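Coordinates from run-v2.csv are shown below (CSV, N, CA, C and O atoms).
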chain,number,residue,atom,x,y,z
A,1,GLY,N,-69.3,4.3,-3.6
A,1,GLY,CA,-69.9,4.9,-4.7
A,1,GLY,C,-71.1,4.1,-5.2
A,1,GLY,O,-71.6,3.2,-4.5
A,2,ALA,N,-71.7,4.4,-6.3
A,2,ALA,CA,-72.8,3.8,-6.8
A,2,ALA,C,-72.6,2.3,-7.1
A,2,ALA,O,-73.4,1.4,-6.8
A,3,ALA,N,-71.4,1.9,-7.6
A,3,ALA,CA,-71.1,0.5,-7.8
A,3,ALA,C,-71.1,-0.3,-6.5
A,3,ALA,O,-71.6,-1.4,-6.5
A,4,ALA,N,-70.5,0.3,-5.5
A,4,ALA,CA,-70.4,-0.4,-4.2
A,4,ALA,C,-71.8,-0.6,-3.7
A,4,ALA,O,-72.2,-1.7,-3.2
A,5,GLY,N,-72.7,0.4,-3.7
A,5,GLY,CA,-74.0,0.3,-3.2
A,5,GLY,C,-74.8,-0.7,-4.0
A,5,GLY,O,-75.6,-1.5,-3.4
A,6,ARG,N,-74.6,-0.8,-5.3
A,6,ARG,CA,-75.3,-1.8,-6.1
A,6,ARG,C,-74.9,-3.2,-5.7
A,6,ARG,O,-75.8,-4.1,-5.6
A,7,TRP,N,-73.7,-3.5,-5.4
A,7,TRP,CA,-73.2,-4.8,-5.1
A,7,TRP,C,-73.3,-5.2,-3.6
A,7,TRP,O,-73.4,-6.3,-3.2
A,8,ARG,N,-73.3,-4.2,-2.7
A,8,ARG,CA,-73.3,-4.5,-1.3
A,8,ARG,C,-74.6,-5.0,-0.8
A,8,ARG,O,-74.6,-5.8,0.2
A,9,GLY,N,-75.7,-4.6,-1.4
A,9,GLY,CA,-77.0,-5.2,-1.0
A,9,GLY,C,-77.2,-5.5,0.4
A,9,GLY,O,-77.1,-4.6,1.3
A,10,GLY,N,-77.4,-6.8,0.8
A,10,GLY,CA,-77.6,-7.2,2.2
A,10,GLY,C,-76.3,-7.6,2.9
A,10,GLY,O,-76.3,-8.1,4.0
A,11,VAL,N,-75.1,-7.3,2.3
A,11,VAL,CA,-73.9,-7.6,2.9
A,11,VAL,C,-73.7,-6.7,4.2
A,11,VAL,O,-73.9,-5.5,4.2
A,12,ARG,N,-73.3,-7.4,5.3
A,12,ARG,CA,-73.2,-6.7,6.6
A,12,ARG,C,-71.8,-6.2,6.9
A,12,ARG,O,-71.6,-5.4,7.8
A,13,ALA,N,-70.7,-6.6,6.2
A,13,ALA,CA,-69.4,-6.2,6.5
A,13,ALA,C,-68.7,-5.7,5.2
A,13,ALA,O,-69.0,-6.3,4.1
A,14,TRP,N,-67.9,-4.7,5.3
A,14,TRP,CA,-67.2,-4.3,4.1
A,14,TRP,C,-65.7,-4.1,4.4
A,14,TRP,O,-65.4,-3.4,5.4
A,15,ARG,N,-64.9,-4.8,3.7
A,15,ARG,CA,-63.5,-4.7,3.9
A,15,ARG,C,-62.9,-3.5,3.3
A,15,ARG,O,-63.0,-3.2,2.1
A,16,GLY,N,-62.4,-2.6,4.1
A,16,GLY,CA,-61.7,-1.4,3.6
A,16,GLY,C,-60.4,-1.7,3.0
A,16,GLY,O,-60.1,-2.8,2.7
A,17,GLY,N,-59.6,-0.7,2.9
A,17,GLY,CA,-58.3,-0.9,2.2
A,17,GLY,C,-57.3,-1.8,3.0
A,17,GLY,O,-57.1,-1.6,4.2
A,18,VAL,N,-56.7,-2.7,2.3
A,18,VAL,CA,-55.6,-3.5,2.8
A,18,VAL,C,-54.6,-3.6,1.7
A,18,VAL,O,-54.9,-3.9,0.6
A,19,GLY,N,-53.4,-3.4,2.0
A,19,GLY,CA,-52.3,-3.4,1.0
A,19,GLY,C,-51.0,-4.0,1.6
A,19,GLY,O,-50.7,-3.9,2.7
A,20,VAL,N,-50.3,-4.7,0.7
A,20,VAL,CA,-49.0,-5.2,1.0
A,20,VAL,C,-48.0,-4.7,0.0
A,20,VAL,O,-48.3,-4.7,-1.2
A,21,GLY,N,-46.9,-4.2,0.4
A,21,GLY,CA,-45.9,-3.7,-0.5
A,21,GLY,C,-45.4,-4.7,-1.4
A,21,GLY,O,-45.4,-5.9,-1.1
A,22,ALA,N,-45.0,-4.3,-2.6
A,22,ALA,CA,-44.6,-5.2,-3.7
A,22,ALA,C,-43.5,-6.1,-3.2
A,22,ALA,O,-43.5,-7.3,-3.6
A,23,ALA,N,-42.6,-5.7,-2.4
A,23,ALA,CA,-41.5,-6.5,-1.9
A,23,ALA,C,-41.9,-7.6,-1.0
A,23,ALA,O,-41.2,-8.6,-0.9
A,24,ARG,N,-43.1,-7.5,-0.4
A,24,ARG,CA,-43.6,-8.5,0.5
A,24,ARG,C,-44.7,-9.4,-0.1
A,24,ARG,O,-45.2,-10.3,0.6
A,25,GLU,N,-45.1,-9.1,-1.3
A,25,GLU,CA,-46.2,-9.9,-2.0
A,25,GLU,C,-45.8,-11.3,-2.1
A,25,GLU,O,-44.6,-11.6,-2.4
A,26,GLY,N,-46.7,-12.2,-1.9
A,26,GLY,CA,-46.4,-13.6,-2.0
A,26,GLY,C,-45.8,-14.3,-0.8
A,26,GLY,O,-45.5,-15.5,-0.8
A,27,GLY,N,-45.6,-13.5,0.2
A,27,GLY,CA,-44.9,-14.0,1.4
A,27,GLY,C,-45.9,-14.3,2.6
A,27,GLY,O,-45.5,-14.7,3.7
A,28,GLY,N,-47.2,-14.3,2.3
A,28,GLY,CA,-48.2,-14.7,3.3
A,28,GLY,C,-48.7,-13.5,4.2
A,28,GLY,O,-49.5,-13.7,5.1
A,29,VAL,N,-48.2,-12.3,3.9
A,29,VAL,CA,-48.6,-11.2,4.8
A,29,VAL,C,-50.0,-10.9,4.7
A,29,VAL,O,-50.8,-10.7,5.6
A,30,GLY,N,-50.5,-10.8,3.4
A,30,GLY,CA,-51.9,-10.5,3.2
A,30,GLY,C,-52.9,-11.5,3.8
A,30,GLY,O,-53.9,-11.2,4.4
A,31,THR,N,-52.5,-12.8,3.5
A,31,THR,CA,-53.3,-13.9,4.1
A,31,THR,C,-53.3,-13.8,5.6
A,31,THR,O,-54.3,-14.0,6.2
A,32,GLY,N,-52.1,-13.6,6.2
A,32,GLY,CA,-52.0,-13.5,7.6
A,32,GLY,C,-52.9,-12.3,8.2
A,32,GLY,O,-53.5,-12.5,9.3
A,33,LEU,N,-53.0,-11.2,7.5
A,33,LEU,CA,-53.8,-10.1,7.9
A,33,LEU,C,-55.3,-10.4,7.9
A,33,LEU,O,-56.1,-10.1,8.7
A,34,LEU,N,-55.7,-11.1,6.8
A,34,LEU,CA,-57.1,-11.4,6.5
A,34,LEU,C,-57.6,-12.6,7.2
A,34,LEU,O,-58.9,-12.7,7.5
A,35,THR,N,-56.8,-13.6,7.5
A,35,THR,CA,-57.3,-14.8,8.1
A,35,THR,C,-58.1,-14.6,9.4
A,35,THR,O,-59.2,-15.2,9.5
A,36,PRO,N,-57.7,-13.8,10.4
A,36,PRO,CA,-58.5,-13.6,11.6
A,36,PRO,C,-59.8,-12.9,11.3
A,36,PRO,O,-60.8,-13.2,11.9
A,37,VAL,N,-59.8,-12.0,10.3
A,37,VAL,CA,-61.0,-11.3,9.9
A,37,VAL,C,-62.0,-12.3,9.3
A,37,VAL,O,-63.2,-12.3,9.6
A,38,LEU,N,-61.5,-13.2,8.4
A,38,LEU,CA,-62.4,-14.1,7.8
A,38,LEU,C,-62.9,-15.2,8.8
A,38,LEU,O,-64.1,-15.6,8.7
A,39,ARG,N,-62.1,-15.5,9.7
A,39,ARG,CA,-62.5,-16.5,10.8
A,39,ARG,C,-63.7,-15.9,11.6
A,39,ARG,O,-64.7,-16.5,11.9
A,40,ARG,N,-63.5,-14.6,12.0
A,40,ARG,CA,-64.6,-13.9,12.7
A,40,ARG,C,-65.9,-13.8,11.9
A,40,ARG,O,-67.0,-13.9,12.4
A,41,ALA,N,-65.7,-13.5,10.6
A,41,ALA,CA,-66.9,-13.4,9.7
A,41,ALA,C,-67.6,-14.8,9.7
A,41,ALA,O,-68.8,-14.9,9.7
A,42,ASP,N,-66.8,-15.8,9.6
A,42,ASP,CA,-67.4,-17.2,9.5
A,42,ASP,C,-68.1,-17.5,10.8
A,42,ASP,O,-69.3,-18.0,10.8
A,43,GLU,N,-67.5,-17.2,12.0
A,43,GLU,CA,-68.1,-17.4,13.3
A,43,GLU,C,-69.4,-16.6,13.4
A,43,GLU,O,-70.4,-17.1,14.1
A,44,GLY,N,-69.5,-15.4,12.9
A,44,GLY,CA,-70.6,-14.6,13.0
A,44,GLY,C,-71.6,-14.7,11.9
A,44,GLY,O,-72.6,-13.9,11.8
A,45,SER,N,-71.3,-15.6,10.9
A,45,SER,CA,-72.2,-15.8,9.7
A,45,SER,C,-72.3,-14.4,9.0
A,45,SER,O,-73.4,-14.0,8.6
A,46,VAL,N,-71.2,-13.8,8.8
A,46,VAL,CA,-71.2,-12.4,8.1
A,46,VAL,C,-70.6,-12.5,6.7
A,46,VAL,O,-69.5,-13.1,6.5
A,47,ASP,N,-71.4,-12.1,5.7
A,47,ASP,CA,-70.9,-12.0,4.4
A,47,ASP,C,-69.9,-10.8,4.3
A,47,ASP,O,-70.1,-9.8,5.0
A,48,ILE,N,-68.9,-10.8,3.4
A,48,ILE,CA,-68.0,-9.8,3.2
A,48,ILE,C,-68.0,-9.3,1.8
A,48,ILE,O,-68.0,-10.1,0.9
A,49,TYR,N,-67.9,-8.0,1.6
A,49,TYR,CA,-67.8,-7.4,0.3
A,49,TYR,C,-66.5,-6.7,0.1
A,49,TYR,O,-66.0,-6.1,1.1
A,50,LEU,N,-65.9,-6.7,-1.0
A,50,LEU,CA,-64.7,-5.9,-1.3
A,50,LEU,C,-64.7,-5.5,-2.8
A,50,LEU,O,-65.4,-6.1,-3.6
A,51,ALA,N,-63.9,-4.5,-3.1
A,51,ALA,CA,-63.7,-4.1,-4.5
A,51,ALA,C,-62.3,-4.0,-4.8
A,51,ALA,O,-61.5,-3.5,-3.9
A,52,THR,N,-61.8,-4.4,-5.9
A,52,THR,CA,-60.4,-4.3,-6.3
A,52,THR,C,-60.3,-3.9,-7.7
A,52,THR,O,-61.2,-4.2,-8.5
A,53,SER,N,-59.3,-3.1,-8.0
A,53,SER,CA,-59.0,-2.7,-9.4
A,53,SER,C,-57.8,-3.4,-9.9
A,53,SER,O,-57.2,-3.0,-11.0
A,54,THR,N,-57.3,-4.4,-9.2
A,54,THR,CA,-56.1,-5.1,-9.7
A,54,THR,C,-56.5,-6.5,-10.0
A,54,THR,O,-56.9,-7.3,-9.1
A,55,GLU,N,-56.2,-7.0,-11.2
A,55,GLU,CA,-56.6,-8.3,-11.6
A,55,GLU,C,-56.0,-9.4,-10.8
A,55,GLU,O,-56.6,-10.4,-10.5
A,56,SER,N,-54.7,-9.2,-10.5
A,56,SER,CA,-54.0,-10.2,-9.7
A,56,SER,C,-54.7,-10.4,-8.3
A,56,SER,O,-54.6,-11.5,-7.7
A,57,ASN,N,-55.3,-9.3,-7.8
A,57,ASN,CA,-56.0,-9.5,-6.5
A,57,ASN,C,-57.2,-10.3,-6.6
A,57,ASN,O,-57.6,-11.0,-5.6
A,58,VAL,N,-57.9,-10.4,-7.8
A,58,VAL,CA,-59.0,-11.3,-8.0
A,58,VAL,C,-58.6,-12.7,-7.7
A,58,VAL,O,-59.3,-13.4,-7.0
A,59,VAL,N,-57.4,-13.1,-8.2
A,59,VAL,CA,-56.9,-14.4,-8.0
A,59,VAL,C,-56.6,-14.7,-6.5
A,59,VAL,O,-57.0,-15.7,-5.9
A,60,PHE,N,-56.0,-13.7,-5.9
A,60,PHE,CA,-55.7,-13.8,-4.4
A,60,PHE,C,-56.9,-13.9,-3.6
A,60,PHE,O,-57.0,-14.9,-2.8
A,61,TYR,N,-57.9,-13.1,-3.8
A,61,TYR,CA,-59.1,-13.1,-3.0
A,61,TYR,C,-59.9,-14.4,-3.3
A,61,TYR,O,-60.6,-14.9,-2.4
A,62,SER,N,-59.9,-14.8,-4.5
A,62,SER,CA,-60.6,-16.1,-4.9
A,62,SER,C,-60.1,-17.2,-4.0
A,62,SER,O,-60.8,-18.1,-3.6
A,63,GLY,N,-58.8,-17.2,-3.8
A,63,GLY,CA,-58.2,-18.2,-3.0
A,63,GLY,C,-58.6,-18.2,-1.5
A,63,GLY,O,-58.4,-19.2,-0.8
A,64,LEU,N,-59.1,-17.0,-1.1
A,64,LEU,CA,-59.6,-16.9,0.3
A,64,LEU,C,-61.2,-17.1,0.3
A,64,LEU,O,-61.8,-16.8,1.4
A,65,GLY,N,-61.8,-17.5,-0.8
A,65,GLY,CA,-63.2,-17.8,-0.8
A,65,GLY,C,-64.1,-16.8,-1.3
A,65,GLY,O,-65.3,-16.9,-1.3
A,66,PHE,N,-63.5,-15.7,-1.9
A,66,PHE,CA,-64.3,-14.7,-2.5
A,66,PHE,C,-64.7,-15.1,-3.9
A,66,PHE,O,-63.9,-15.8,-4.6
A,67,THR,N,-65.8,-14.6,-4.4
A,67,THR,CA,-66.2,-14.8,-5.8
A,67,THR,C,-66.6,-13.4,-6.4
A,67,THR,O,-67.0,-12.5,-5.7
A,68,VAL,N,-66.4,-13.3,-7.7
A,68,VAL,CA,-66.7,-12.1,-8.4
A,68,VAL,C,-68.2,-12.0,-8.5
A,68,VAL,O,-68.9,-12.8,-9.0
A,69,ALA,N,-68.7,-10.9,-7.9
A,69,ALA,CA,-70.2,-10.6,-8.0
A,69,ALA,C,-70.5,-9.7,-9.2
A,69,ALA,O,-71.7,-9.6,-9.6
A,70,GLY,N,-69.5,-9.0,-9.7
A,70,GLY,CA,-69.8,-8.1,-10.8
A,70,GLY,C,-68.5,-7.3,-11.1
A,70,GLY,O,-67.5,-7.4,-10.4
A,71,GLU,N,-68.5,-6.7,-12.3
A,71,GLU,CA,-67.4,-5.9,-12.8
A,71,GLU,C,-68.0,-4.6,-13.3
A,71,GLU,O,-69.1,-4.5,-13.7
A,72,HIS,N,-67.2,-3.5,-13.2
A,72,HIS,CA,-67.6,-2.2,-13.6
A,72,HIS,C,-66.4,-1.4,-14.1
A,72,HIS,O,-65.3,-1.4,-13.5
A,73,GLN,N,-66.5,-0.8,-15.2
A,73,GLN,CA,-65.5,0.1,-15.7
A,73,GLN,C,-65.9,1.5,-15.2
A,73,GLN,O,-66.9,2.1,-15.6
A,74,ILE,N,-65.0,2.1,-14.5
A,74,ILE,CA,-65.2,3.5,-14.0
A,74,ILE,C,-65.0,4.4,-15.2
A,74,ILE,O,-64.0,4.3,-15.9
A,75,PRO,N,-66.0,5.3,-15.5
A,75,PRO,CA,-65.9,6.2,-16.6
A,75,PRO,C,-64.7,7.2,-16.6
A,75,PRO,O,-64.1,7.3,-15.5
A,76,ALA,N,-64.5,7.8,-17.7
A,76,ALA,CA,-63.5,8.9,-17.8
A,76,ALA,C,-62.1,8.5,-17.5
A,76,ALA,O,-61.3,9.1,-16.8
A,77,GLY,N,-61.8,7.3,-18.0
A,77,GLY,CA,-60.4,6.8,-17.8
A,77,GLY,C,-60.1,6.1,-16.5
A,77,GLY,O,-59.0,5.9,-16.1
A,78,GLY,N,-61.2,5.9,-15.7
A,78,GLY,CA,-61.0,5.3,-14.4
A,78,GLY,C,-60.7,3.8,-14.5
A,78,GLY,O,-60.7,3.2,-15.6
A,79,PRO,N,-60.4,3.1,-13.4
A,79,PRO,CA,-60.0,1.7,-13.5
A,79,PRO,C,-61.2,0.8,-13.7
A,79,PRO,O,-62.4,1.1,-13.5
A,80,HIS,N,-60.9,-0.4,-14.1
A,80,HIS,CA,-61.8,-1.5,-14.1
A,80,HIS,C,-61.9,-2.1,-12.7
A,80,HIS,O,-60.9,-2.3,-12.1
A,81,VAL,N,-63.1,-2.3,-12.2
A,81,VAL,CA,-63.2,-2.7,-10.8
A,81,VAL,C,-64.0,-4.0,-10.7
A,81,VAL,O,-65.0,-4.2,-11.4
A,82,TRP,N,-63.5,-4.9,-9.9
A,82,TRP,CA,-64.2,-6.2,-9.7
A,82,TRP,C,-64.8,-6.1,-8.3
A,82,TRP,O,-64.1,-5.8,-7.3
A,83,ALA,N,-66.1,-6.3,-8.2
A,83,ALA,CA,-66.8,-6.4,-6.9
A,83,ALA,C,-66.8,-7.9,-6.5
A,83,ALA,O,-67.2,-8.8,-7.3
A,84,MET,N,-66.4,-8.2,-5.3
A,84,MET,CA,-66.3,-9.6,-4.8
A,84,MET,C,-67.0,-9.7,-3.5
A,84,MET,O,-67.0,-8.8,-2.7
A,85,THR,N,-67.6,-10.9,-3.3
A,85,THR,CA,-68.2,-11.2,-2.0
A,85,THR,C,-67.7,-12.6,-1.5
A,85,THR,O,-67.2,-13.4,-2.3
A,86,ARG,N,-67.9,-12.7,-0.2
A,86,ARG,CA,-67.5,-14.0,0.4
A,86,ARG,C,-68.6,-14.3,1.4
A,86,ARG,O,-68.9,-13.5,2.3
A,87,VAL,N,-69.2,-15.5,1.3
A,87,VAL,CA,-70.2,-16.0,2.2
A,87,VAL,C,-69.5,-16.8,3.3
A,87,VAL,O,-68.4,-17.3,3.0
A,88,PRO,N,-70.0,-16.8,4.5
A,88,PRO,CA,-69.3,-17.6,5.6
A,88,PRO,C,-69.1,-19.0,5.2
A,88,PRO,O,-69.9,-19.7,4.6
A,89,ALA,N,-67.9,-19.5,5.6
A,89,ALA,CA,-67.6,-20.9,5.4
A,89,ALA,C,-68.5,-21.8,6.3
A,89,ALA,O,-68.9,-21.3,7.4
A,90,ALA,N,-68.9,-22.9,5.8
A,90,ALA,CA,-69.8,-23.8,6.6
A,90,ALA,C,-69.1,-24.5,7.7
A,90,ALA,O,-67.9,-24.7,7.7
What does the file become when written as structure tokens?
Amino acid sequence: GAAAGRWRGGVRAWRGGVGVGAAREGGGVGTGLLTPVLRRADEGSVDIYLATSTESNVVFYSGLGFTVAGEHQIPAGGPHVWAMTRVPAA
């Protein structure tokens, strides 16, 4: 949508949906799924963009090197969304 286009700018990769069931949260499943993707992004010097509407995910993704690039409240009762980016690790 408009919010994604606004924040994606020159970002070359966009992380689509990834989810872990509540019973498996905190067990390393999400980190295990994303680690190979982040490694390839680092190797290719690729920035990554994502958006989340879950505040606890902001903490999770921050631990993987993402930073909040902006926030947006979706109108008409929609969710609050955090746009996050990650630059390649040096």
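Residue neighbourhood of Val20 (chain A), excluding near-sequence residues (fewer than 3 positions): Ala23, Arg24, Glu25, Val29 and Gly30 of chain A, at 7 Å, using all atoms listed in the file.
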Original post:
Got a sec to check which residues sit within 8 Å of (-62.9, -19.4, 8.0), counting only N, CA, C and O atoms, and write them as a ChimeraX atom specification?
Top reply: /A:34-43,64,87-90
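DSSP, applied to the backbone of this structure, assigns alpha helix (DSSP H) to the following residues of region 8-68 of chain A: Arg8, Val29, Gly30, Thr31, Gly32, Leu33, Leu34, Thr35, Pro36, Val37, Leu38, Arg39, Arg40, Ala41, Asp42, Glu43, Glu55, Ser56, Asn57, Val58, Val59, Phe60, Tyr61 and Ser62 of chain A.
Close contacts of Ser53 (chain A), defined as residues with an atom at most 7 Å away when counting all atoms listed in the file, with chain neighbours fewer than 6 positions off set aside, comprise A:Pro79, A:His80, A:Val81, A:Trp82.
For chain A, the set of residues given strand (DSSP E or B) by DSSP on the backbone reads Ala13, Trp14, Ile48, Tyr49, Leu50, Ala51, Thr52, Thr67, Val68, Ala69, Gly70, Glu71, His72, Gln73, His80, Val81, Trp82, Ala83, Met84, Thr85 and Arg86 of chain A.
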**OP:** Record the distance separating CA of Thr85 (chain A) and CA of Leu50 (chain A), expressed in Å with one decimal.
**Re:** 6.4 Å
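Picture a line from atom N of Thr67 (chain A) to atom O of Ile48 (chain A); it runs 7.3 Å.
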Original post:
Which distance in Å separates CA of Thr52 (chain A) and CA of Gly65 (chain A), to one decimal?
Top reply: 14.8 Å
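Restricting the calculation to all atoms listed in the file, the smallest distance between Arg86 (chain A) and any of A:Asn57, A:Phe66, A:Ala51, A:Ile74 is found for A:Phe66.
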Fix up region 46-56 of chain A with all heavy atoms, then write it as a PDB file, in the coordinates of the input.
ATOM      1  N   VAL A  46     -71.200 -13.800   8.800  1.00  0.00           N
ATOM      2  CA  VAL A  46     -71.200 -12.400   8.100  1.00  0.00           C
ATOM      3  C   VAL A  46     -70.600 -12.500   6.700  1.00  0.00           C
ATOM      4  O   VAL A  46     -69.500 -13.100   6.500  1.00  0.00           O
ATOM      5  CB  VAL A  46     -70.400 -11.422   8.941  1.00  0.00           C
ATOM      6  CG1 VAL A  46     -70.298 -10.084   8.228  1.00  0.00           C
ATOM      7  CG2 VAL A  46     -71.012 -11.256  10.320  1.00  0.00           C
ATOM      8  N   ASP A  47     -71.400 -12.100   5.700  1.00  0.00           N
ATOM      9  CA  ASP A  47     -70.900 -12.000   4.400  1.00  0.00           C
ATOM     10  C   ASP A  47     -69.900 -10.800   4.300  1.00  0.00           C
ATOM     11  O   ASP A  47     -70.100  -9.800   5.000  1.00  0.00           O
ATOM     12  CB  ASP A  47     -72.016 -11.683   3.374  1.00  0.00           C
ATOM     13  CG  ASP A  47     -72.985 -12.837   3.258  1.00  0.00           C
ATOM     14  OD1 ASP A  47     -72.739 -13.915   3.803  1.00  0.00           O
ATOM     15  OD2 ASP A  47     -74.004 -12.639   2.599  1.00  0.00           O
ATOM     16  N   ILE A  48     -68.900 -10.800   3.400  1.00  0.00           N
ATOM     17  CA  ILE A  48     -68.000  -9.800   3.200  1.00  0.00           C
ATOM     18  C   ILE A  48     -68.000  -9.300   1.800  1.00  0.00           C
ATOM     19  O   ILE A  48     -68.000 -10.100   0.900  1.00  0.00           O
ATOM     20  CB  ILE A  48     -66.553 -10.181   3.631  1.00  0.00           C
ATOM     21  CG1 ILE A  48     -66.520 -10.652   5.086  1.00  0.00           C
ATOM     22  CG2 ILE A  48     -65.573  -9.028   3.426  1.00  0.00           C
ATOM     23  CD1 ILE A  48     -65.176 -11.202   5.512  1.00  0.00           C
ATOM     24  N   TYR A  49     -67.900  -8.000   1.600  1.00  0.00           N
ATOM     25  CA  TYR A  49     -67.800  -7.400   0.300  1.00  0.00           C
ATOM     26  C   TYR A  49     -66.500  -6.700   0.100  1.00  0.00           C
ATOM     27  O   TYR A  49     -66.000  -6.100   1.100  1.00  0.00           O
ATOM     28  CB  TYR A  49     -68.922  -6.334   0.101  1.00  0.00           C
ATOM     29  CG  TYR A  49     -68.678  -5.377  -1.040  1.00  0.00           C
ATOM     30  CD1 TYR A  49     -69.123  -5.675  -2.322  1.00  0.00           C
ATOM     31  CD2 TYR A  49     -67.984  -4.195  -0.846  1.00  0.00           C
ATOM     32  CE1 TYR A  49     -68.888  -4.810  -3.376  1.00  0.00           C
ATOM     33  CE2 TYR A  49     -67.733  -3.325  -1.896  1.00  0.00           C
ATOM     34  CZ  TYR A  49     -68.185  -3.635  -3.153  1.00  0.00           C
ATOM     35  OH  TYR A  49     -67.944  -2.788  -4.194  1.00  0.00           O
ATOM     36  N   LEU A  50     -65.900  -6.700  -1.000  1.00  0.00           N
ATOM     37  CA  LEU A  50     -64.700  -5.900  -1.300  1.00  0.00           C
ATOM     38  C   LEU A  50     -64.700  -5.500  -2.800  1.00  0.00           C
ATOM     39  O   LEU A  50     -65.400  -6.100  -3.600  1.00  0.00           O
ATOM     40  CB  LEU A  50     -63.393  -6.644  -0.959  1.00  0.00           C
ATOM     41  CG  LEU A  50     -63.010  -7.904  -1.734  1.00  0.00           C
ATOM     42  CD1 LEU A  50     -62.299  -7.561  -3.041  1.00  0.00           C
ATOM     43  CD2 LEU A  50     -62.109  -8.774  -0.882  1.00  0.00           C
ATOM     44  N   ALA A  51     -63.900  -4.500  -3.100  1.00  0.00           N
ATOM     45  CA  ALA A  51     -63.700  -4.100  -4.500  1.00  0.00           C
ATOM     46  C   ALA A  51     -62.300  -4.000  -4.800  1.00  0.00           C
ATOM     47  O   ALA A  51     -61.500  -3.500  -3.900  1.00  0.00           O
ATOM     48  CB  ALA A  51     -64.467  -2.834  -4.790  1.00  0.00           C
ATOM     49  N   THR A  52     -61.800  -4.400  -5.900  1.00  0.00           N
ATOM     50  CA  THR A  52     -60.400  -4.300  -6.300  1.00  0.00           C
ATOM     51  C   THR A  52     -60.300  -3.900  -7.700  1.00  0.00           C
ATOM     52  O   THR A  52     -61.200  -4.200  -8.500  1.00  0.00           O
ATOM     53  CB  THR A  52     -59.622  -5.615  -6.052  1.00  0.00           C
ATOM     54  OG1 THR A  52     -58.238  -5.381  -6.359  1.00  0.00           O
ATOM     55  CG2 THR A  52     -60.149  -6.770  -6.888  1.00  0.00           C
ATOM     56  N   SER A  53     -59.300  -3.100  -8.000  1.00  0.00           N
ATOM     57  CA  SER A  53     -59.000  -2.700  -9.400  1.00  0.00           C
ATOM     58  C   SER A  53     -57.800  -3.400  -9.900  1.00  0.00           C
ATOM     59  O   SER A  53     -57.200  -3.000 -11.000  1.00  0.00           O
ATOM     60  CB  SER A  53     -58.942  -1.175  -9.510  1.00  0.00           C
ATOM     61  OG  SER A  53     -57.892  -0.702  -8.687  1.00  0.00           O
ATOM     62  N   THR A  54     -57.300  -4.400  -9.200  1.00  0.00           N
ATOM     63  CA  THR A  54     -56.100  -5.100  -9.700  1.00  0.00           C
ATOM     64  C   THR A  54     -56.500  -6.500 -10.000  1.00  0.00           C
ATOM     65  O   THR A  54     -56.900  -7.300  -9.100  1.00  0.00           O
ATOM     66  CB  THR A  54     -55.038  -5.050  -8.534  1.00  0.00           C
ATOM     67  OG1 THR A  54     -54.820  -3.686  -8.171  1.00  0.00           O
ATOM     68  CG2 THR A  54     -53.737  -5.678  -8.971  1.00  0.00           C
ATOM     69  N   GLU A  55     -56.200  -7.000 -11.200  1.00  0.00           N
ATOM     70  CA  GLU A  55     -56.600  -8.300 -11.600  1.00  0.00           C
ATOM     71  C   GLU A  55     -56.000  -9.400 -10.800  1.00  0.00           C
ATOM     72  O   GLU A  55     -56.600 -10.400 -10.500  1.00  0.00           O
ATOM     73  CB  GLU A  55     -56.362  -8.479 -13.122  1.00  0.00           C
ATOM     74  CG  GLU A  55     -56.990  -9.724 -13.690  1.00  0.00           C
ATOM     75  CD  GLU A  55     -56.981  -9.754 -15.204  1.00  0.00           C
ATOM     76  OE1 GLU A  55     -56.436  -8.822 -15.838  1.00  0.00           O
ATOM     77  OE2 GLU A  55     -57.535 -10.715 -15.766  1.00  0.00           O
ATOM     78  N   SER A  56     -54.700  -9.200 -10.500  1.00  0.00           N
ATOM     79  CA  SER A  56     -54.000 -10.200  -9.700  1.00  0.00           C
ATOM     80  C   SER A  56     -54.700 -10.400  -8.300  1.00  0.00           C
ATOM     81  O   SER A  56     -54.600 -11.500  -7.700  1.00  0.00           O
ATOM     82  CB  SER A  56     -52.538  -9.947  -9.520  1.00  0.00           C
ATOM     83  OG  SER A  56     -52.328  -8.717  -8.843  1.00  0.00           O
TER      84      SER A  56
END
